[in-house]
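A.B. asks: My structure is stored as final32.txt, with compact mmCIF, C-alpha atoms and all ligand atoms.
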# COMPACT_ATOMS: atom_id res chain seq x y z
CA MET B 1 0.00 0.00 0.00
CA ASN B 2 1.24 3.50 -0.88
CA ASP B 3 1.66 5.38 2.42
CA ARG B 4 3.01 8.58 0.87
CA ILE B 5 1.63 11.89 2.13
CA LEU B 6 1.08 14.11 -0.87
CA ILE B 7 0.56 17.80 -0.15
CA ILE B 8 -0.73 20.10 -2.88
CA GLY B 9 0.52 23.66 -2.24
CA SER B 10 3.70 25.14 -0.80
CA GLY B 11 2.24 28.18 0.97
CA LEU B 12 2.15 28.65 4.72
CA ALA B 13 -0.25 25.73 5.11
CA GLY B 14 1.69 23.20 3.02
CA ILE B 15 5.15 24.00 4.35
CA THR B 16 4.11 24.39 8.00
CA LEU B 17 2.48 20.97 7.75
CA VAL B 18 5.74 19.48 6.41
CA ARG B 19 7.65 21.00 9.34
CA GLU B 20 5.14 19.63 11.86
CA LEU B 21 5.16 16.20 10.22
CA ARG B 22 8.94 16.03 10.37
CA LYS B 23 8.90 16.86 14.09
CA ARG B 24 6.86 13.69 14.58
CA ASP B 25 8.09 11.34 11.88
CA LYS B 26 11.50 11.45 10.23
CA ALA B 27 10.77 8.60 7.84
CA VAL B 28 7.35 9.02 6.26
CA GLU B 29 7.55 9.88 2.57
CA ILE B 30 6.30 13.42 1.88
CA LEU B 31 5.84 14.88 -1.58
CA VAL B 32 4.84 18.52 -2.09
CA VAL B 33 3.44 19.44 -5.50
CA THR B 34 3.10 23.13 -6.18
CA ALA B 35 2.22 25.36 -9.10
CA ASP B 36 4.62 28.10 -7.98
CA ASP B 37 8.42 27.97 -7.60
CA GLY B 38 8.17 26.38 -4.16
CA SER B 39 10.07 29.09 -2.30
CA PHE B 40 8.76 29.88 1.14
CA TYR B 41 7.99 33.52 1.93
CA SER B 42 5.99 35.51 4.44
CA LYS B 43 2.75 36.39 2.68
CA PRO B 44 1.64 38.89 5.37
CA SER B 45 4.79 40.91 4.63
CA LEU B 46 3.53 41.66 1.11
CA SER B 47 1.37 44.46 2.49
CA ASN B 48 4.05 46.16 4.59
CA ALA B 49 7.28 45.45 2.70
CA PHE B 50 7.45 48.66 0.68
CA ALA B 51 7.80 51.11 3.54
CA ALA B 52 10.14 48.64 5.27
CA GLY B 53 12.42 48.93 2.22
CA LYS B 54 12.21 45.20 1.44
CA ALA B 55 12.54 44.11 -2.18
CA PRO B 56 10.53 41.00 -3.22
CA ASP B 57 13.63 38.76 -3.09
CA ALA B 58 14.20 39.79 0.54
CA LEU B 59 10.84 38.21 1.45
CA VAL B 60 11.98 34.71 0.47
CA LEU B 61 12.77 32.82 3.66
CA ALA B 62 13.89 29.56 2.00
CA THR B 63 14.15 28.29 -1.57
CA ALA B 64 12.52 25.00 -2.59
CA ALA B 65 15.96 23.35 -2.77
CA LYS B 66 16.80 24.45 0.78
CA LEU B 67 13.44 23.26 2.13
CA ALA B 68 13.84 19.92 0.38
CA GLN B 69 17.24 19.42 1.95
CA ASP B 70 16.40 20.68 5.46
CA LEU B 71 13.09 18.85 5.74
CA ASP B 72 13.91 15.73 3.72
CA VAL B 73 10.94 16.27 1.47
CA GLN B 74 10.51 16.09 -2.28
CA ILE B 75 9.15 19.32 -3.80
CA MET B 76 7.82 19.30 -7.36
CA ALA B 77 7.70 23.00 -8.19
CA GLY B 78 6.08 24.49 -11.28
CA THR B 79 3.66 21.56 -11.38
CA PHE B 80 -0.08 22.09 -11.69
CA VAL B 81 -2.44 19.55 -10.25
CA LEU B 82 -5.26 19.26 -12.77
CA GLY B 83 -7.58 16.80 -11.06
CA ILE B 84 -7.94 14.12 -8.40
CA ASP B 85 -9.12 10.56 -8.94
CA ALA B 86 -10.15 9.72 -5.39
CA ALA B 87 -11.19 6.16 -6.23
CA ARG B 88 -7.70 5.30 -7.56
CA ARG B 89 -5.93 7.65 -5.10
CA VAL B 90 -3.98 9.47 -7.79
CA VAL B 91 -3.67 13.11 -8.77
CA ARG B 92 -3.30 14.17 -12.40
CA THR B 93 -0.65 16.83 -12.84
CA SER B 94 0.96 18.76 -15.68
CA ARG B 95 3.81 16.23 -15.32
CA GLY B 96 1.80 13.03 -15.15
CA GLU B 97 -0.01 11.03 -12.49
CA LEU B 98 1.10 10.74 -8.86
CA ALA B 99 -0.21 8.23 -6.35
CA TYR B 100 -0.94 9.04 -2.71
CA GLY B 101 -1.80 7.27 0.50
CA ARG B 102 -3.02 10.44 2.22
CA LEU B 103 -3.66 13.66 0.31
CA VAL B 104 -3.67 17.17 1.80
CA LEU B 105 -5.19 20.06 -0.13
CA ALA B 106 -3.34 23.26 0.85
CA VAL B 107 -4.22 25.11 -2.35
CA GLY B 108 -5.13 28.49 -0.83
CA ALA B 109 -7.58 31.02 -2.17
CA ALA B 110 -7.68 33.31 -5.19
CA GLN B 111 -8.60 36.96 -5.44
CA LEU B 112 -12.20 37.54 -6.51
CA PRO B 113 -12.38 38.84 -10.09
CA VAL B 114 -12.91 42.61 -10.27
CA PRO B 115 -16.49 43.19 -11.41
CA LEU B 116 -15.70 46.16 -13.68
CA ALA B 117 -16.42 46.64 -17.35
CA GLY B 118 -14.00 48.39 -19.70
CA ASP B 119 -10.71 47.73 -21.45
CA GLY B 120 -8.72 48.78 -18.37
CA ALA B 121 -10.13 45.98 -16.17
CA PRO B 122 -7.53 43.36 -17.22
CA ASP B 123 -4.73 45.76 -16.18
CA ILE B 124 -5.93 45.84 -12.55
CA LEU B 125 -3.50 44.03 -10.27
CA ALA B 126 -4.42 41.75 -7.39
CA VAL B 127 -1.65 40.83 -4.96
CA ASN B 128 -2.11 37.40 -3.41
CA ASP B 129 1.36 35.88 -3.74
CA LEU B 130 5.00 36.74 -4.21
CA ALA B 131 4.78 36.54 -8.02
CA ASP B 132 1.94 39.11 -8.00
CA TYR B 133 3.99 41.27 -5.66
CA ARG B 134 6.98 41.24 -8.01
CA VAL B 135 4.65 42.56 -10.74
CA LEU B 136 3.29 45.23 -8.40
CA ARG B 137 6.78 46.46 -7.55
CA GLN B 138 7.76 46.57 -11.24
CA ARG B 139 4.63 48.49 -12.16
CA LEU B 140 4.99 50.93 -9.26
CA ALA B 141 8.33 52.09 -10.63
CA GLY B 142 7.93 55.51 -12.25
CA THR B 143 4.31 55.97 -11.10
CA ARG B 144 2.86 58.33 -8.53
CA THR B 145 -0.85 57.71 -8.07
CA VAL B 146 -2.38 54.40 -7.01
CA ALA B 147 -6.04 53.45 -6.64
CA ILE B 148 -6.93 50.57 -4.33
CA ILE B 149 -10.34 48.95 -4.78
CA GLY B 150 -11.50 47.61 -1.43
CA ALA B 151 -11.13 49.20 2.02
CA GLY B 152 -10.87 45.90 3.87
CA LEU B 153 -7.90 44.55 5.78
CA ILE B 154 -5.56 44.13 2.83
CA GLY B 155 -6.70 47.30 1.05
CA CYS B 156 -6.04 49.43 4.14
CA GLU B 157 -2.67 47.78 4.76
CA PHE B 158 -1.51 48.43 1.19
CA ALA B 159 -2.88 52.00 1.41
CA ASN B 160 -0.81 52.66 4.54
CA ASP B 161 2.30 51.03 3.10
CA LEU B 162 2.22 52.73 -0.31
CA SER B 163 1.34 56.08 1.22
CA LEU B 164 4.38 55.82 3.51
CA GLY B 165 6.31 54.89 0.37
CA GLY B 166 5.46 58.28 -1.20
CA TYR B 167 2.51 57.32 -3.45
CA ALA B 168 -0.73 59.30 -3.64
CA VAL B 169 -3.26 56.59 -2.70
CA THR B 170 -7.04 56.64 -3.21
CA VAL B 171 -9.12 53.85 -1.69
CA PHE B 172 -12.55 52.98 -3.13
CA ASP B 173 -15.25 50.96 -1.43
CA THR B 174 -18.99 50.52 -1.72
CA ALA B 175 -19.18 50.49 2.11
CA ALA B 176 -19.48 53.66 4.17
CA GLN B 177 -16.43 52.89 6.30
CA PRO B 178 -13.12 51.02 6.06
CA LEU B 179 -13.01 47.45 7.43
CA ALA B 180 -16.80 47.54 7.37
CA ARG B 181 -17.17 43.86 8.29
CA LEU B 182 -14.75 44.01 11.22
CA LEU B 183 -14.94 47.37 12.98
CA PRO B 184 -17.64 49.37 14.77
CA ALA B 185 -18.16 52.88 13.34
CA SER B 186 -15.99 54.66 15.93
CA ALA B 187 -12.93 52.46 15.33
CA ALA B 188 -13.41 52.67 11.55
CA ALA B 189 -13.59 56.47 11.78
CA ALA B 190 -10.35 56.56 13.79
CA LEU B 191 -8.60 54.32 11.26
CA ARG B 192 -9.88 56.44 8.40
CA SER B 193 -8.80 59.74 9.91
CA ARG B 194 -5.31 58.42 10.76
CA LEU B 195 -4.86 57.16 7.23
CA GLU B 196 -6.17 60.45 5.84
CA ALA B 197 -3.63 62.25 8.00
CA ILE B 198 -0.82 60.51 6.10
CA GLY B 199 -2.41 61.42 2.76
CA VAL B 200 -4.73 58.51 1.89
CA VAL B 201 -7.93 59.64 0.16
CA PHE B 202 -11.07 57.56 0.77
CA ARG B 203 -13.89 57.42 -1.75
CA LEU B 204 -16.44 55.42 0.22
CA ASP B 205 -20.09 54.69 -0.63
CA THR B 206 -18.81 54.51 -4.20
CA ARG B 207 -19.64 51.78 -6.67
CA LEU B 208 -17.13 51.64 -9.49
CA ALA B 209 -18.54 50.60 -12.85
CA ARG B 210 -15.75 50.79 -15.44
CA ALA B 211 -11.99 50.85 -15.80
CA GLU B 212 -10.79 52.46 -19.01
CA ARG B 213 -7.26 52.47 -20.36
CA ALA B 214 -5.85 55.99 -20.46
CA ALA B 215 -2.72 57.38 -22.14
CA ALA B 216 -0.84 56.57 -18.95
CA GLY B 217 -2.62 54.43 -16.40
CA CYS B 218 -6.32 53.96 -15.91
CA ARG B 219 -9.53 55.98 -15.65
CA LEU B 220 -11.97 54.65 -13.07
CA VAL B 221 -15.61 55.57 -13.65
CA ASP B 222 -18.20 55.18 -10.91
CA ALA B 223 -21.87 54.30 -11.27
CA GLN B 224 -22.82 58.02 -11.21
CA GLY B 225 -20.42 58.77 -14.07
CA GLY B 226 -17.73 60.45 -11.93
CA ALA B 227 -14.21 59.65 -13.16
CA THR B 228 -10.73 59.72 -11.63
CA HIS B 229 -7.34 58.97 -13.17
CA HIS B 230 -4.70 56.73 -11.56
CA ASP B 231 -1.32 55.51 -12.75
CA LEU B 232 -1.98 52.08 -11.30
CA VAL B 233 -5.04 50.24 -9.92
CA VAL B 234 -4.82 47.46 -7.33
CA SER B 235 -7.75 45.27 -6.36
CA ALA B 236 -8.22 44.11 -2.76
CA ILE B 237 -11.84 43.03 -2.85
CA GLY B 238 -11.50 39.68 -1.16
CA LEU B 239 -10.66 36.03 -1.56
CA ARG B 240 -12.42 32.94 -2.78
CA PRO B 241 -11.09 29.50 -1.73
CA ASN B 242 -9.74 27.38 -4.59
CA LEU B 243 -12.33 24.63 -4.87
CA ALA B 244 -11.78 23.19 -8.35
CA LEU B 245 -9.56 20.28 -7.27
CA ALA B 246 -11.84 19.32 -4.39
CA GLN B 247 -14.79 19.40 -6.75
CA SER B 248 -12.91 17.22 -9.26
CA ALA B 249 -12.67 14.61 -6.50
CA GLY B 250 -16.37 14.94 -5.64
CA LEU B 251 -15.59 16.35 -2.17
CA ALA B 252 -18.17 18.39 -0.28
CA THR B 253 -17.60 22.12 -0.69
CA ASN B 254 -19.35 25.19 0.61
CA LEU B 255 -17.58 28.54 0.93
CA GLY B 256 -14.41 26.45 1.32
CA ILE B 257 -13.57 22.75 1.15
CA VAL B 258 -15.73 21.32 3.91
CA THR B 259 -13.79 19.63 6.74
CA ASP B 260 -14.52 18.43 10.23
CA THR B 261 -12.39 19.52 13.19
CA PHE B 262 -9.81 16.87 12.22
CA LEU B 263 -9.48 18.73 8.90
CA ARG B 264 -10.83 15.63 7.18
CA THR B 265 -12.86 16.22 4.02
CA SER B 266 -15.78 14.07 2.94
CA ASP B 267 -13.16 11.54 1.69
CA PRO B 268 -11.33 9.98 4.67
CA HIS B 269 -8.04 9.89 2.72
CA ILE B 270 -8.11 13.60 1.88
CA HIS B 271 -7.59 16.50 4.29
CA ALA B 272 -7.62 20.27 3.71
CA LEU B 273 -5.72 23.05 5.48
CA GLY B 274 -5.32 26.81 5.11
CA ASP B 275 -7.17 29.37 3.02
CA CYS B 276 -8.92 26.67 0.95
CA ALA B 277 -10.58 24.99 3.96
CA GLU B 278 -13.80 25.61 5.84
CA ILE B 279 -13.35 24.01 9.24
CA ASP B 280 -16.58 22.90 10.86
CA GLY B 281 -18.38 25.87 9.27
CA LEU B 282 -15.65 28.46 9.84
CA PHE B 283 -13.57 30.12 7.11
CA LEU B 284 -10.40 31.47 8.78
CA PRO B 285 -7.91 32.69 6.14
CA TYR B 286 -5.26 33.79 8.65
CA VAL B 287 -1.87 32.71 9.89
CA MET B 288 -2.75 31.61 13.42
CA PRO B 289 -5.46 29.08 12.49
CA ILE B 290 -3.09 27.63 9.88
CA MET B 291 -0.23 27.20 12.39
CA GLN B 292 -2.58 25.54 14.85
CA GLY B 293 -4.23 23.39 12.20
CA ALA B 294 -0.88 22.19 10.81
CA LYS B 295 0.22 20.99 14.24
CA ARG B 296 -2.99 19.04 14.81
CA LEU B 297 -3.11 17.63 11.29
CA ALA B 298 0.47 16.38 11.62
CA ALA B 299 -0.60 14.48 14.73
CA THR B 300 -3.61 13.05 12.92
CA LEU B 301 -1.61 11.98 9.87
CA THR B 302 1.00 10.26 12.02
CA GLY B 303 -1.52 8.13 13.86
CA ALA B 304 -2.52 10.20 16.91
CA PRO B 305 -5.63 12.09 15.77
CA GLU B 306 -6.08 15.55 17.29
CA ALA B 307 -9.00 17.86 16.60
CA VAL B 308 -8.22 21.53 16.02
CA GLU B 309 -9.21 23.84 18.80
CA LEU B 310 -10.38 27.26 17.73
CA PRO B 311 -9.77 29.78 20.48
CA ALA B 312 -10.40 33.45 19.66
CA MET B 313 -7.52 34.46 17.41
CA PRO B 314 -7.19 38.24 17.17
CA ILE B 315 -6.15 39.73 13.83
CA VAL B 316 -3.44 42.39 13.83
CA VAL B 317 -4.18 45.02 11.17
CA LYS B 318 -0.79 46.16 9.84
CA THR B 319 -1.63 49.86 9.59
CA PRO B 320 1.12 51.65 11.54
CA ALA B 321 -0.79 54.94 11.11
CA CYS B 322 -3.41 53.42 13.43
CA PRO B 323 -2.31 50.16 15.12
CA THR B 324 -5.45 48.01 15.33
CA VAL B 325 -6.23 44.53 16.68
CA VAL B 326 -9.59 42.86 16.03
CA SER B 327 -11.24 39.77 17.45
CA PRO B 328 -14.50 39.79 15.49
CA PRO B 329 -17.68 38.70 17.29
CA PRO B 330 -19.48 35.70 15.71
CA ALA B 331 -21.48 36.78 12.66
CA GLY B 332 -25.15 37.45 13.34
CA ARG B 333 -24.95 37.59 17.18
CA ALA B 334 -27.15 40.30 18.68
CA GLY B 335 -25.30 42.62 21.02
CA ARG B 336 -23.72 46.02 21.40
CA TRP B 337 -20.27 47.59 21.42
CA GLU B 338 -19.12 49.02 24.74
CA GLU B 339 -16.45 51.62 24.04
CA GLU B 340 -13.80 53.59 25.84
CA SER B 341 -11.58 56.00 23.94
CA GLY B 342 -9.05 58.71 24.59
CA ALA B 343 -6.24 60.58 22.92
CA ASP B 344 -4.10 57.46 22.81
CA GLY B 345 -6.59 55.00 21.33
CA LEU B 346 -9.76 53.02 21.72
CA ARG B 347 -11.10 49.84 23.28
CA ALA B 348 -14.43 48.47 22.04
CA VAL B 349 -15.83 45.24 23.50
CA PHE B 350 -18.82 43.53 21.89
CA ARG B 351 -21.24 42.13 24.48
CA ASP B 352 -24.05 39.65 23.95
CA ALA B 353 -27.46 41.37 24.10
CA VAL B 354 -28.80 39.00 26.78
CA SER B 355 -25.93 37.46 28.76
CA GLN B 356 -23.59 40.50 28.48
CA GLN B 357 -20.77 38.03 27.80
CA ALA B 358 -17.84 39.61 25.87
CA LEU B 359 -17.79 38.04 22.38
CA GLY B 360 -15.33 40.19 20.46
CA PHE B 361 -13.17 43.28 20.68
CA VAL B 362 -11.30 45.99 18.83
CA LEU B 363 -8.22 47.71 20.25
CA GLN B 364 -6.45 50.71 18.77
CA GLY B 365 -3.36 52.70 19.69
CA ALA B 366 -2.08 52.20 23.23
CA TYR B 367 -5.00 49.86 24.01
CA THR B 368 -3.47 47.19 21.70
CA ARG B 369 -1.33 46.26 24.73
CA GLU B 370 -4.45 44.57 26.17
CA ARG B 371 -4.64 42.10 23.28
CA MET B 372 -3.51 38.95 25.09
CA THR B 373 -5.60 39.57 28.20
CA LEU B 374 -8.77 40.26 26.26
CA ALA B 375 -8.18 37.36 23.82
CA ALA B 376 -7.94 34.95 26.76
CA ALA B 377 -11.37 36.13 27.97
CA MET B 378 -13.10 35.46 24.62
CA PRO B 379 -15.11 32.28 23.99
CA ALA B 380 -13.81 29.79 21.44
CA LEU B 381 -14.91 30.37 17.86
CA ARG B 382 -18.10 28.63 16.86
CA PRO B 383 -19.41 27.65 13.45
CA CYS B 384 -21.46 30.43 11.89
C1 LIG B 401 -1.27 40.83 1.32
C2 LIG B 401 -1.67 39.85 2.40
C3 LIG B 401 -1.43 40.15 3.74
C4 LIG B 401 -1.82 39.28 4.74
N1 LIG B 401 -1.59 39.62 6.04
C5 LIG B 401 -1.94 38.77 7.03
C6 LIG B 401 -1.69 39.07 8.39
O1 LIG B 401 -1.14 40.13 8.73
N2 LIG B 401 -2.05 38.18 9.34
C7 LIG B 401 -2.66 36.99 9.02
O2 LIG B 401 -2.99 36.21 9.92
N3 LIG B 401 -2.92 36.67 7.74
C8 LIG B 401 -2.58 37.52 6.73
N4 LIG B 401 -2.82 37.18 5.44
C9 LIG B 401 -3.42 35.87 5.14
C10 LIG B 401 -2.35 34.77 5.18
O3 LIG B 401 -1.19 35.22 4.55
C11 LIG B 401 -2.92 33.52 4.51
O4 LIG B 401 -3.98 33.05 5.32
C12 LIG B 401 -1.91 32.39 4.31
O5 LIG B 401 -0.68 32.84 3.82
C13 LIG B 401 -2.52 31.34 3.36
O6 LIG B 401 -1.65 30.27 3.20
P1 LIG B 401 -2.10 28.99 2.35
O7 LIG B 401 -0.91 28.07 2.37
O8 LIG B 401 -3.39 28.47 2.80
O9 LIG B 401 -2.34 29.52 0.86
P2 LIG B 401 -1.33 30.07 -0.24
O10 LIG B 401 -0.21 30.80 0.37
O11 LIG B 401 -2.19 30.79 -1.23
O12 LIG B 401 -0.73 28.77 -0.91
C14 LIG B 401 -1.45 28.01 -1.86
C15 LIG B 401 -0.47 27.10 -2.56
O13 LIG B 401 -1.22 26.21 -3.40
C16 LIG B 401 -0.60 26.12 -4.67
N5 LIG B 401 -1.64 25.71 -5.62
C17 LIG B 401 -2.88 26.20 -5.79
N6 LIG B 401 -3.54 25.51 -6.74
C18 LIG B 401 -2.70 24.55 -7.19
C19 LIG B 401 -2.79 23.54 -8.18
N7 LIG B 401 -3.90 23.33 -8.89
N8 LIG B 401 -1.71 22.74 -8.39
C20 LIG B 401 -0.58 22.90 -7.67
N9 LIG B 401 -0.44 23.86 -6.71
C21 LIG B 401 -1.49 24.66 -6.48
C22 LIG B 401 -0.02 27.51 -4.88
O14 LIG B 401 1.00 27.49 -5.86
C23 LIG B 401 0.52 27.81 -3.48
O15 LIG B 401 1.79 27.22 -3.31
C24 LIG B 401 -2.46 38.06 4.41
C25 LIG B 401 -2.71 37.74 3.06
C26 LIG B 401 -2.33 38.64 2.06
C27 LIG B 401 -2.61 38.30 0.61
What is this file in structure tokens?

C.D. replies:
Amino acid sequence: MNDRILIIGSGLAGITLVRELRKRDKAVEILVVTADDGSFYSKPSLSNAFAAGKAPDALVLATAAKLAQDLDVQIMAGTFVLGIDAARRVVRTSRGELAYGRLVLAVGAAQLPVPLAGDGAPDILAVNDLADYRVLRQRLAGTRTVAIIGAGLIGCEFANDLSLGGYAVTVFDTAAQPLARLLPASAAAALRSRLEAIGVVFRLDTRLARAERAAAGCRLVDAQGGATHHDLVVSAIGLRPNLALAQSAGLATNLGIVTDTFLRTSDPHIHALGDCAEIDGLFLPYVMPIMQGAKRLAATLTGAPEAVELPAMPIVVKTPACPTVVSPPPAGRAGRWEEESGADGLRAVFRDAVSQQALGFVLQGAYTRERMTLAAAMPALRPC
């Protein structure tokens, strides 16, 4: 019987899983198949590398060759997995078929396509990996004005970074405030005004309709016909888990690839980890759940099954203009924000309407020091 563990994807999920597996088992055969060049880099650094003066190459923490040597793992880089035959336990790749004993899908998520008409739409960049980031840095050279579509986490981080880097940044969103899904109005207003103070322009409540190629750059036209010109346009409108492979294997999918708390999909020989997975109803495309999940999955795959635990995992928003930490309350829970603010920041705690239990929080400025204490007081995450 083939006992090989085949991991598709060499992002944080795939490579952290290899590291955790090797801590437990020096001998099991591990093969990583990845569409990219297999080098390991810090994806969160993509949105704060510019102001830190880091070139794309400086973000690479280990090449595929180094990982293969250090972790005693085979890495097939530049190899696309095209489909999975779960009955035969083989994957079809751009370099032929590969058999597996256990398969782990760590295929991440892709940027949502930008819903704009016009000949400029294909020129809009989305930055979801190091290759995209190299393109961004090349295209930033010699430009001055940048539009960012999406005032969420990644849009605001890029706005802060590029503004500190000397670019004139305009952020568009259909919502009335930045980080609309994560922050109460007061915290969003503070973030907005701090970013405005360093030169970021917000065009909120604005639905863009078209992107038109201009002599240099792009003309963005909103639904009311208003137009603005930008040298470069970056999209940060959100992610969609990569489901095609899971669907080719007939696995259950929802927003992500459906798994239980052992990260097992609807096929007992296939697991999923990272931005592609939906764990027991929760979609958590962040570093901390991946680190935790990789540890538990390594235990499970080496014969000592461990369910993932999902404590509250606060998200650090990398906007140095307004340091912000968020532990979002569960979606749809009725309650109210209890706020305290002063010159040096803000604390907002979300309390359940009936029990008054604290379910989430936002900290800004000096209050971010309370992150660990407040996180420990939050209930574990629950399926939405
Ligand atoms: C700009 C930015 C900033 C971020 N900042 C933070 C932050 O501050 N804090 C935080 O917690 N999170 C942050 N995140 C999110 C975090 O980086 C991700 O949750 C994490 O990196 C996802 O890792 P992953 O391995 O699941 O996916 P990915 O890194 O996307 O890896 C997917 C892998 O699958 C491979 N692949 C996909 N399809 C195929 C195929 N068909 N065949 C072969 N290979 C395939 C790809 O080549 C890639 O190697 C940020 C994300 C971005 C984009």

A.B. asks: Can you pull out every residue within 7 Å of stretch 2-16 of chain B, counting only C-alpha atoms, but drop anything in the same chain fewer than 3 positions away, and send it as a ChimeraX atom specification?

C.D. replies: /B:19-20,28-34,38,40,100-107,273-274,290-291,294

A.B. asks: Could you work out how far atom CA of B:Gly238 lies from atom C20 of ligand LIG 401 (chain B), giving the answer in Å with one decimal?

C.D. replies: 21.1 Å

A.B. asks: One decimal, in Å: what's the spacing between atom CA of B:Thr228 and atom CA of B:Ala126?

C.D. replies: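 These atoms are spaced 19.5 Å apart.
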
A.B. asks: When distances are computed from all atoms listed in the file, which of B:Thr145, B:Ser193, B:Thr206, B:Gln364 shows the smallest separation from B:Phe172?

C.D. replies: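 Closest to B:Phe172 of all the choices is B:Thr206.
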
A.B. asks: What's the separation between atom CA of B:Asp173 and atom CA of B:Ala236, in Å to one decimal place?

C.D. replies: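 The value is 9.9 Å.
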
A.B. asks: Have a look at B:His269, B:Lys43, B:Arg22, B:Arg210 and name the one nearest to ligand LIG 401 (chain B); count only C-alpha atoms and all ligand atoms.

C.D. replies: B:Lys43

A.B. asks: Mind checking which residues fall within 12 Å of B:Pro305, counting all atoms listed in the file, ignoring those fewer than 6 positions away in the same chain, and posting them as an MDAnalysis selection string?

C.D. replies: chainID B and resid 261:264 293 295:299

A.B. asks: Now that the selection is made, can you save its residues with C-alpha atoms as a compact mmCIF listing (two decimals), in the coordinates of the input?

C.D. replies:
# COMPACT_ATOMS: atom_id res chain seq x y z
CA THR B 261 -12.39 19.52 13.19
CA PHE B 262 -9.81 16.87 12.22
CA LEU B 263 -9.48 18.73 8.90
CA ARG B 264 -10.83 15.63 7.18
CA GLY B 293 -4.23 23.39 12.20
CA LYS B 295 0.22 20.99 14.24
CA ARG B 296 -2.99 19.04 14.81
CA LEU B 297 -3.11 17.63 11.29
CA ALA B 298 0.47 16.38 11.62
CA ALA B 299 -0.60 14.48 14.73

A.B. asks: Could you check the closest approach to ligand LIG 401 (chain B) for each of B:Ala216, B:Met288, B:Leu116, B:Ala223 and tell me which residue wins, using only C-alpha atoms and all ligand atoms?

C.D. replies: B:Met288

A.B. asks: Ranking B:Arg137, B:Lys23, B:Arg92, B:Lys54 by minimum distance to ligand LIG 401 (chain B) and counting only C-alpha atoms and all ligand atoms, which one comes first?

C.D. replies: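 Counting only C-alpha atoms and all ligand atoms, the residue closest to ligand LIG 401 (chain B) is B:Arg92.
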
A.B. asks: In terms of the shortest atom-to-atom distance over all atoms listed in the file, which of B:Cys322, B:Ala331, B:Ala244, B:Val258 is closest to ligand LIG 401 (chain B)?

C.D. replies: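 Answer, going by the shortest atom-to-atom distance: B:Ala244.
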
A.B. asks: Using all atoms listed in the file, which residue out of B:Leu112, B:Ala197, B:Leu359, B:Met378 lies closest to ligand LIG 401 (chain B)?

C.D. replies: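 Smallest distance to ligand LIG 401 (chain B) is found for B:Leu112.
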
A.B. asks: Which residues, written as a compact mmCIF listing (two decimals) with C-alpha atoms, keeping the file's coordinate frame, have at least one atom at most 7 Å from stretch 343-353 of chain B, with only C-alpha atoms counted and residues fewer than 5 positions away on the same chain left out?

C.D. replies:
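File produced: selection-v4.txt:
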# COMPACT_ATOMS: atom_id res chain seq x y z
CA PRO B 329 -17.68 38.70 17.29
CA ALA B 334 -27.15 40.30 18.68
CA GLY B 335 -25.30 42.62 21.02
CA ARG B 336 -23.72 46.02 21.40
CA TRP B 337 -20.27 47.59 21.42
CA GLU B 338 -19.12 49.02 24.74
CA ALA B 358 -17.84 39.61 25.87
CA LEU B 359 -17.79 38.04 22.38
CA GLY B 360 -15.33 40.19 20.46
CA PHE B 361 -13.17 43.28 20.68
CA VAL B 362 -11.30 45.99 18.83
CA LEU B 363 -8.22 47.71 20.25
CA GLN B 364 -6.45 50.71 18.77
CA GLY B 365 -3.36 52.70 19.69
CA ALA B 366 -2.08 52.20 23.23
CA TYR B 367 -5.00 49.86 24.01

A.B. asks: Leaving out stretch 86-90 of chain B and any residue of its chain fewer than 5 positions from it, which residues lie within 6 Å of it when counting only C-alpha atoms, given as a VMD selection string?

C.D. replies: chain B and resid 98 to 100 249
